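Colleague: Mind looking over this structure? Questions follow.
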Amino acid sequence: MSCTLLRESSSRKLTMASQCGLLLYAIISSVFIFMLIAVGYPTAAVAIVLIVTGIINITFSAIDSCKLLFD
């Protein structure tokens, strides 16, 4: 939550640091999603939804990071 709020800061360094925090959060949450799939043995539909959610989460965070880097 704090990284999301700090992302709107006027300081470029603070904005970049908060975006890195959000990207790190996306990666960690995807690791937990894949661990849940590996250990929890969900049904095929639930596993597909979890995989797609993890991939979309990382993709959007990476796109936002690239937008900040190349602005």
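Chain labels A, B, ... are given in the sequence in which chains occur in the structure tokens; within each chain residues are numbered consecutively from 1, and ligands are likewise numbered from 1 in the order shown.
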Could you pull out the alpha helix (DSSP H) residues of chain A from DSSP and send them as a PyMOL selection string?

Modeller: chain A and resi 2-6+12-40+44-69

Colleague: List as an mmCIF file with N, CA, C and O atoms, in the first residue's frame the protein and nucleic acid residues near Thr53 (chain A), meaning an atom at most 12 Å away when only C-alpha atoms are counted, but skip any in the same chain fewer than 2 places from it.

Modeller:
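Output (selection36.cif):
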```cif
data_model
loop_
_atom_site.group_PDB
_atom_site.id
_atom_site.type_symbol
_atom_site.label_atom_id
_atom_site.label_comp_id
_atom_site.auth_asym_id
_atom_site.auth_seq_id
_atom_site.Cartn_x
_atom_site.Cartn_y
_atom_site.Cartn_z
ATOM 1 N N ALA A 26 5.149 -8.045 -6.906
ATOM 2 C CA ALA A 26 4.537 -8.861 -7.960
ATOM 3 C C ALA A 26 5.283 -10.181 -8.132
ATOM 4 O O ALA A 26 4.671 -11.241 -8.298
ATOM 5 N N ILE A 27 6.602 -10.127 -8.084
ATOM 6 C CA ILE A 27 7.402 -11.349 -8.237
ATOM 7 C C ILE A 27 7.190 -12.284 -7.053
ATOM 8 O O ILE A 27 6.995 -13.493 -7.231
ATOM 9 N N SER A 29 4.603 -12.427 -5.007
ATOM 10 C CA SER A 29 3.250 -12.989 -5.026
ATOM 11 C C SER A 29 3.123 -14.076 -6.088
ATOM 12 O O SER A 29 2.418 -15.066 -5.890
ATOM 13 N N SER A 30 3.826 -13.923 -7.208
ATOM 14 C CA SER A 30 3.791 -14.964 -8.229
ATOM 15 C C SER A 30 4.487 -16.233 -7.758
ATOM 16 O O SER A 30 4.050 -17.343 -8.076
ATOM 17 N N VAL A 31 5.558 -16.087 -6.995
ATOM 18 C CA VAL A 31 6.222 -17.265 -6.428
ATOM 19 C C VAL A 31 5.253 -17.996 -5.502
ATOM 20 O O VAL A 31 5.151 -19.231 -5.553
ATOM 21 N N PHE A 32 4.524 -17.264 -4.672
ATOM 22 C CA PHE A 32 3.540 -17.898 -3.792
ATOM 23 C C PHE A 32 2.422 -18.567 -4.591
ATOM 24 O O PHE A 32 1.942 -19.640 -4.225
ATOM 25 N N ILE A 33 2.014 -17.943 -5.685
ATOM 26 C CA ILE A 33 0.976 -18.546 -6.528
ATOM 27 C C ILE A 33 1.467 -19.871 -7.101
ATOM 28 O O ILE A 33 0.766 -20.881 -7.056
ATOM 29 N N PHE A 34 2.691 -19.887 -7.621
ATOM 30 C CA PHE A 34 3.208 -21.119 -8.207
ATOM 31 C C PHE A 34 3.464 -22.180 -7.137
ATOM 32 O O PHE A 34 3.290 -23.374 -7.393
ATOM 33 N N VAL A 46 -8.768 -23.709 -11.739
ATOM 34 C CA VAL A 46 -8.199 -22.831 -10.712
ATOM 35 C C VAL A 46 -6.715 -22.601 -10.974
ATOM 36 O O VAL A 46 -6.214 -21.481 -10.822
ATOM 37 N N ALA A 47 -6.006 -23.624 -11.380
ATOM 38 C CA ALA A 47 -4.585 -23.485 -11.686
ATOM 39 C C ALA A 47 -4.362 -22.524 -12.846
ATOM 40 O O ALA A 47 -3.460 -21.687 -12.806
ATOM 41 N N ILE A 48 -5.195 -22.594 -13.864
ATOM 42 C CA ILE A 48 -5.069 -21.696 -15.008
ATOM 43 C C ILE A 48 -5.344 -20.255 -14.595
ATOM 44 O O ILE A 48 -4.617 -19.342 -14.984
ATOM 45 N N VAL A 49 -6.362 -20.060 -13.780
ATOM 46 C CA VAL A 49 -6.679 -18.707 -13.309
ATOM 47 C C VAL A 49 -5.520 -18.151 -12.478
ATOM 48 O O VAL A 49 -5.132 -16.990 -12.628
ATOM 49 N N LEU A 50 -4.939 -18.960 -11.612
ATOM 50 C CA LEU A 50 -3.813 -18.515 -10.799
ATOM 51 C C LEU A 50 -2.590 -18.178 -11.645
ATOM 52 O O LEU A 50 -1.915 -17.172 -11.416
ATOM 53 N N ILE A 51 -2.297 -18.999 -12.642
ATOM 54 C CA ILE A 51 -1.155 -18.744 -13.519
ATOM 55 C C ILE A 51 -1.357 -17.459 -14.304
ATOM 56 O O ILE A 51 -0.449 -16.622 -14.404
ATOM 57 N N ILE A 55 0.973 -14.019 -14.131
ATOM 58 C CA ILE A 55 1.625 -13.482 -15.327
ATOM 59 C C ILE A 55 1.164 -12.061 -15.611
ATOM 60 O O ILE A 55 1.972 -11.182 -15.939
ATOM 61 N N ILE A 56 -0.119 -11.802 -15.469
ATOM 62 C CA ILE A 56 -0.640 -10.447 -15.698
ATOM 63 C C ILE A 56 -0.070 -9.479 -14.664
ATOM 64 O O ILE A 56 0.301 -8.348 -15.001
ATOM 65 N N ASN A 57 0.036 -9.912 -13.420
ATOM 66 C CA ASN A 57 0.575 -9.063 -12.359
ATOM 67 C C ASN A 57 2.013 -8.642 -12.674
ATOM 68 O O ASN A 57 2.359 -7.462 -12.593
ATOM 69 N N ILE A 58 2.854 -9.585 -13.049
ATOM 70 C CA ILE A 58 4.246 -9.262 -13.387
ATOM 71 C C ILE A 58 4.316 -8.424 -14.649
ATOM 72 O O ILE A 58 5.099 -7.470 -14.736
ATOM 73 N N THR A 59 3.507 -8.729 -15.644
ATOM 74 C CA THR A 59 3.535 -7.982 -16.904
ATOM 75 C C THR A 59 3.183 -6.514 -16.699
ATOM 76 O O THR A 59 3.889 -5.627 -17.187
ATOM 77 N N PHE A 60 2.111 -6.249 -15.980
ATOM 78 C CA PHE A 60 1.719 -4.855 -15.744
ATOM 79 C C PHE A 60 2.761 -4.109 -14.923
ATOM 80 O O PHE A 60 3.038 -2.940 -15.174
#
```

Colleague: Restricting the calculation to only C-alpha atoms: of A:Ala62, A:Ala38, A:Ala45, A:Val52, which residue gets closest to Gly21 (chain A)?

Modeller: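 Using only C-alpha atoms, the shortest distance to Gly21 (chain A) belongs to A:Ala62.
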
Colleague: Could you name the residues that touch Leu68 (chain A) at 10 Å or less, counting only C-alpha atoms, but leaving out those on the same chain fewer than 3 positions away, as JSON, numbers by chain?

Modeller: {"A": [12, 15, 16, 19, 62, 63, 64, 65, 71]}

Colleague: Quick check, in Å to one decimal: how far apart do CA of Leu14 (chain A) and CA of Cys66 (chain A) lie?

Modeller: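 One can read the CA of Leu14 (chain A) to CA of Cys66 (chain A) distance as 15.7 Å.
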
Colleague: Separation of CA of Met35 (chain A) and CA of Ala17 (chain A), in Å?

Modeller: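 Taking CA of Met35 (chain A) and CA of Ala17 (chain A), their separation equals 27.1 Å.
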